[in-house]
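Here's the structure, in structure tokens; my notes come after.
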Amino acid sequence: ADVGIRASGASVEEAFEEGAKAMLNVMWDISTIEERRNVSIECEARDIPELFVEALNEILFKQDVNGLAISRFKVEEIKKVGERYKLKGVAFGEPLDLERHTVKTEVKAATYAGLRYEEKEGQYMVQCILDV
């Protein structure tokens, strides 16, 4: 099955953060997750829409590998280096505890399906489909 997410913000960084929040909200009740641990998120892509998908998938990967429930993502920097866009950020959460962190829907991956990025009148919007 699939779930679509769309997020917007006053900057591309804020739109990415809101997109991550939307994805994490599909997985968990993020209000039950404390910010006791953090993990670095770094990725790169050829354009901003692809970078959005790469960032979401890196969050999922780090969450899984580190046994975390993540509730928030903060973009520290998005910059263009040569022909590539690079993102650095931090994801916040705590060790996964299935007694406290009920999985609402498992998100397997963010996909390129339905991928869109738009900048209009000072607002940035990103969207994609999540494979659940």
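Naming scheme: A, B, ... for chains in displayed order of the structure tokens; residues 1 onward per chain; ligands 1 onward as shown.
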- Message: Would you pick out the contacts of Ile33 (chain A) at 10 Å or less, using only C-alpha atoms, so that residues sharing its chain but fewer than 4 positions from it are not included, and give the list as a VMD selection string?
- Response: chain A and resid 28 to 29 68 to 72 92 to 97 100 to 101
- Task: Identify, with DSSP run on backbone atoms, the residues in region 62-131 of chain A assigned to strand (DSSP E), and express the list as a ChimeraX atom specification.
- Result: /A:68-81,84-95,109-120,123-131
Put those residues in a file: N, CA and C atoms, as a short mmCIF file (atom, residue, chain, number, x, y, z; two decimals), in the first residue's frame.
```cif
data_model
loop_
_atom_site.label_atom_id
_atom_site.label_comp_id
_atom_site.auth_asym_id
_atom_site.auth_seq_id
_atom_site.Cartn_x
_atom_site.Cartn_y
_atom_site.Cartn_z
N LEU A 68 15.86 3.06 16.84
CA LEU A 68 15.25 4.26 17.40
C LEU A 68 13.81 4.45 16.94
N ALA A 69 13.10 5.22 17.72
CA ALA A 69 11.84 5.84 17.30
C ALA A 69 12.18 7.31 17.15
N ILE A 70 12.10 7.82 15.93
CA ILE A 70 12.47 9.22 15.67
C ILE A 70 11.21 10.07 15.59
N SER A 71 11.31 11.26 16.19
CA SER A 71 10.14 12.15 16.23
C SER A 71 10.35 13.46 15.50
N ARG A 72 11.63 13.84 15.24
CA ARG A 72 11.87 15.15 14.64
C ARG A 72 13.14 15.14 13.82
N PHE A 73 13.13 15.94 12.77
CA PHE A 73 14.28 16.09 11.91
C PHE A 73 14.57 17.57 11.74
N LYS A 74 15.84 17.94 11.90
CA LYS A 74 16.28 19.33 11.75
C LYS A 74 17.31 19.38 10.63
N VAL A 75 17.03 20.19 9.60
CA VAL A 75 17.98 20.38 8.51
C VAL A 75 18.98 21.45 8.95
N GLU A 76 20.25 21.11 8.93
CA GLU A 76 21.28 22.08 9.26
C GLU A 76 21.74 22.84 8.02
N GLU A 77 21.75 22.14 6.87
CA GLU A 77 22.26 22.78 5.66
C GLU A 77 21.86 22.01 4.41
N ILE A 78 21.45 22.75 3.41
CA ILE A 78 21.30 22.22 2.06
C ILE A 78 22.11 23.14 1.17
N LYS A 79 23.06 22.55 0.45
CA LYS A 79 23.88 23.39 -0.42
C LYS A 79 24.20 22.65 -1.72
N LYS A 80 24.44 23.44 -2.75
CA LYS A 80 24.81 22.87 -4.04
C LYS A 80 26.33 22.85 -4.12
N VAL A 81 26.86 21.66 -4.43
CA VAL A 81 28.30 21.48 -4.58
C VAL A 81 28.50 20.89 -5.97
N ARG A 84 25.71 18.63 -7.68
CA ARG A 84 24.93 17.87 -6.71
C ARG A 84 24.45 18.76 -5.57
N TYR A 85 23.34 18.38 -4.97
CA TYR A 85 22.84 19.02 -3.76
C TYR A 85 23.18 18.12 -2.59
N LYS A 86 23.67 18.73 -1.50
CA LYS A 86 24.04 17.98 -0.30
C LYS A 86 23.23 18.48 0.88
N LEU A 87 22.80 17.54 1.70
CA LEU A 87 22.02 17.86 2.89
C LEU A 87 22.75 17.33 4.11
N LYS A 88 22.76 18.15 5.16
CA LYS A 88 23.23 17.73 6.48
C LYS A 88 22.13 18.07 7.47
N GLY A 89 21.86 17.14 8.36
CA GLY A 89 20.84 17.39 9.36
C GLY A 89 20.98 16.44 10.54
N VAL A 90 20.03 16.53 11.46
CA VAL A 90 20.02 15.71 12.66
C VAL A 90 18.59 15.22 12.90
N ALA A 91 18.48 13.93 13.21
CA ALA A 91 17.18 13.34 13.58
C ALA A 91 17.21 13.06 15.08
N PHE A 92 16.10 13.35 15.74
CA PHE A 92 16.00 13.22 17.19
C PHE A 92 14.96 12.17 17.57
N GLY A 93 15.28 11.40 18.60
CA GLY A 93 14.33 10.40 19.08
C GLY A 93 14.88 9.71 20.31
N GLU A 94 14.46 8.46 20.48
CA GLU A 94 14.92 7.66 21.60
C GLU A 94 14.87 6.19 21.21
N PRO A 95 15.54 5.33 22.00
CA PRO A 95 15.49 3.91 21.69
C PRO A 95 14.03 3.41 21.60
N ALA A 109 9.69 2.73 2.71
CA ALA A 109 10.55 3.65 1.96
C ALA A 109 9.76 4.83 1.44
N ALA A 110 10.47 5.93 1.21
CA ALA A 110 9.93 7.05 0.44
C ALA A 110 10.27 6.74 -1.01
N THR A 111 9.33 7.02 -1.91
CA THR A 111 9.53 6.67 -3.32
C THR A 111 9.51 7.90 -4.21
N TYR A 112 9.89 7.69 -5.45
CA TYR A 112 9.87 8.78 -6.43
C TYR A 112 8.49 8.96 -7.05
N ALA A 113 7.57 8.06 -6.73
CA ALA A 113 6.20 8.19 -7.23
C ALA A 113 5.56 9.45 -6.65
N GLY A 114 4.86 10.18 -7.47
CA GLY A 114 4.17 11.38 -7.01
C GLY A 114 5.09 12.48 -6.53
N LEU A 115 6.38 12.37 -6.84
CA LEU A 115 7.37 13.33 -6.35
C LEU A 115 7.16 14.70 -6.99
N ARG A 116 7.09 15.70 -6.13
CA ARG A 116 6.91 17.07 -6.60
C ARG A 116 7.62 18.04 -5.68
N TYR A 117 8.13 19.10 -6.28
CA TYR A 117 8.76 20.18 -5.53
C TYR A 117 8.35 21.47 -6.20
N GLU A 118 7.95 22.42 -5.39
CA GLU A 118 7.46 23.68 -5.96
C GLU A 118 7.88 24.84 -5.06
N GLU A 119 8.27 25.92 -5.67
CA GLU A 119 8.56 27.16 -4.96
C GLU A 119 7.66 28.22 -5.55
N LYS A 120 6.80 28.79 -4.70
CA LYS A 120 5.82 29.75 -5.19
C LYS A 120 5.52 30.79 -4.12
N GLN A 123 6.82 30.30 -0.62
CA GLN A 123 6.48 29.03 0.03
C GLN A 123 7.10 27.89 -0.77
N TYR A 124 7.61 26.92 -0.05
CA TYR A 124 8.23 25.75 -0.67
C TYR A 124 7.37 24.54 -0.33
N MET A 125 7.10 23.69 -1.33
CA MET A 125 6.27 22.52 -1.13
C MET A 125 7.00 21.29 -1.66
N VAL A 126 6.97 20.20 -0.89
CA VAL A 126 7.50 18.92 -1.32
C VAL A 126 6.44 17.85 -1.09
N GLN A 127 6.43 16.86 -1.97
CA GLN A 127 5.51 15.76 -1.77
C GLN A 127 6.08 14.49 -2.40
N CYS A 128 5.68 13.34 -1.85
CA CYS A 128 6.03 12.06 -2.43
C CYS A 128 5.09 10.99 -1.87
N ILE A 129 5.26 9.80 -2.39
CA ILE A 129 4.48 8.64 -1.94
C ILE A 129 5.37 7.77 -1.07
N LEU A 130 4.84 7.32 0.06
CA LEU A 130 5.54 6.41 0.95
C LEU A 130 5.05 4.99 0.70
N ASP A 131 5.97 4.06 0.60
CA ASP A 131 5.64 2.64 0.49
C ASP A 131 5.46 2.11 1.90
#
```
- For CA of Phe16 (chain A) and CA of Glu35 (chain A), determine how far apart the two atoms are, in Å to one decimal place.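 Interatomic distance here is 18.8 Å.
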- Query: Near region 21-27 of chain A, counting only C-alpha atoms, which residues have an atom at most 7 Å away, once you skip same-chain residues fewer than 5 positions from it, shown as a PyMOL selection string?
  - Reply: chain A and resi 5+71-72+103-107
What does the file look like for those residues with N, CA, C and O atoms, as a PDB file, in the first residue's frame?
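Written output follows (result-v9.pdb):
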```pdb
ATOM      1  N   ILE A   5       2.400  12.002   1.129  1.00  0.00           N
ATOM      2  CA  ILE A   5       2.630  13.094   2.077  1.00  0.00           C
ATOM      3  C   ILE A   5       2.945  14.359   1.292  1.00  0.00           C
ATOM      4  O   ILE A   5       3.519  14.300   0.203  1.00  0.00           O
ATOM      5  N   SER A  71      11.310  11.257  16.190  1.00  0.00           N
ATOM      6  CA  SER A  71      10.143  12.145  16.233  1.00  0.00           C
ATOM      7  C   SER A  71      10.349  13.464  15.498  1.00  0.00           C
ATOM      8  O   SER A  71       9.384  14.150  15.186  1.00  0.00           O
ATOM      9  N   ARG A  72      11.627  13.838  15.244  1.00  0.00           N
ATOM     10  CA  ARG A  72      11.865  15.152  14.644  1.00  0.00           C
ATOM     11  C   ARG A  72      13.145  15.142  13.819  1.00  0.00           C
ATOM     12  O   ARG A  72      14.098  14.446  14.162  1.00  0.00           O
ATOM     13  N   VAL A 103       3.542   1.216  16.841  1.00  0.00           N
ATOM     14  CA  VAL A 103       3.723   1.427  15.407  1.00  0.00           C
ATOM     15  C   VAL A 103       2.331   1.566  14.786  1.00  0.00           C
ATOM     16  O   VAL A 103       1.509   0.658  14.878  1.00  0.00           O
ATOM     17  N   LYS A 104       2.075   2.736  14.193  1.00  0.00           N
ATOM     18  CA  LYS A 104       0.791   2.939  13.505  1.00  0.00           C
ATOM     19  C   LYS A 104       0.825   2.246  12.153  1.00  0.00           C
ATOM     20  O   LYS A 104      -0.036   1.451  11.832  1.00  0.00           O
ATOM     21  N   THR A 105       1.802   2.579  11.338  1.00  0.00           N
ATOM     22  CA  THR A 105       1.977   1.984  10.012  1.00  0.00           C
ATOM     23  C   THR A 105       3.470   1.926   9.733  1.00  0.00           C
ATOM     24  O   THR A 105       4.158   2.935   9.873  1.00  0.00           O
ATOM     25  N   GLU A 106       3.957   0.779   9.343  1.00  0.00           N
ATOM     26  CA  GLU A 106       5.379   0.670   9.012  1.00  0.00           C
ATOM     27  C   GLU A 106       5.625   1.315   7.649  1.00  0.00           C
ATOM     28  O   GLU A 106       4.962   0.999   6.673  1.00  0.00           O
ATOM     29  N   VAL A 107       6.563   2.249   7.605  1.00  0.00           N
ATOM     30  CA  VAL A 107       6.963   2.867   6.343  1.00  0.00           C
ATOM     31  C   VAL A 107       8.221   2.160   5.870  1.00  0.00           C
ATOM     32  O   VAL A 107       9.232   2.163   6.563  1.00  0.00           O
TER      33      VAL A 107
END
```
- Message: Just the number, please: distance in Å from CA of Arg6 (chain A) to CA of Ser31 (chain A), one decimal.
- Response: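 That distance, rounded to one decimal, is 20.0 Å.
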- Item | Those in chain A with alpha helix (DSSP H) from DSSP, as a PyMOL selection string | chain A and resi 12-27+48-65
- Computed gap from CA of Ile41 (chain A) to CA of Ile59 (chain A) is 6.7 Å
- Message: Restricting the calculation to only C-alpha atoms: of A:Leu51, A:Lys108, A:Glu121, A:Asn38, which residue gets closest to Ser11 (chain A)?
- Response: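 Of A:Leu51, A:Lys108, A:Glu121, A:Asn38, the one nearest Ser11 (chain A) is A:Glu121, counting only C-alpha atoms.
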